[in-house]
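What follows is a short report on a single structure.
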Amino acid sequence: MRTTVPPPFSMTFTGPEGPYTVHFRPTDEWDGIIDVFLEGQQMRWDVMDADREEGGGLVLGGMTSGSEALWNDQFWFELRLDDRPPVMRYWGDKVIWREDRAA
């Protein structure tokens, strides 16, 4: 179910490239922007979807704009804030490409 986005936050994840931090800021009550600095690449990802799952978990989603230089592709991301630990999940062609866990 679509829901409003949370207040600004920063969170560090660990992936194959090493640790990276995502900085979220809302642009209004329904959308936001995530700034990511990963493997020397600065990216800005629009949060186009904020959903509350049946179990109550908050999931922010959007496209990894600018990731072509690093990954040769763009992916749909899900930032799963209420998973323990939080998870950044990347989807490509309806399959999970990778999952990075919060440090």
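To be explicit about the labels: the chains of the structure tokens are called A, B, and onward in the order shown, and within each one the residues are counted from 1, while ligands get numbers from 1 in the order they are shown.
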
Contacts of Val36 in chain A at 12 Å (only C-alpha atoms; same-chain gap of 5+ positions) as a ChimeraX atom specification:
/A:10-13,19-25,41-46,64-67,88

With DSSP run on the backbone, what are the helix (DSSP H, G or I) residues within chain A? I'd like them as a VMD selection string.
chain A and resid 68 to 71

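You can rank A:Glu53, A:Phe75, A:Met1, A:Val47 by their closest distance to Val95 in chain A using only C-alpha atoms, and at the top of that list sits A:Phe75.
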
Interatomic distance (Å, one decimal) between CA of Lys94 in chain A and CA of Pro6 in chain A
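Distance between the two atoms: 26.4 Å.
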
Rank nothing, just name the residue among A:Val87, A:Ile33, A:Leu70, A:Leu60 nearest to Glu17 in chain A, using only C-alpha atoms.
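Nearest to Glu17 in chain A: A:Leu70.
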
Please identify the strand (DSSP E or B) residues within range 49-83 of chain A (assignment by DSSP from backbone atoms) and present them as number ranges by chain.
A: 49-52, 58-63, 76-80

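Of the listed residues A:Ala69, A:Val5, A:Gly15, A:Gly62, the one whose atoms come nearest to Leu81 in chain A is A:Val5, with distances taken using only C-alpha atoms.
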
Interatomic distance, CA of Gly61 in chain A to CA of Arg80 in chain A (Å, one decimal):
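Interatomic distance here is 8.7 Å.
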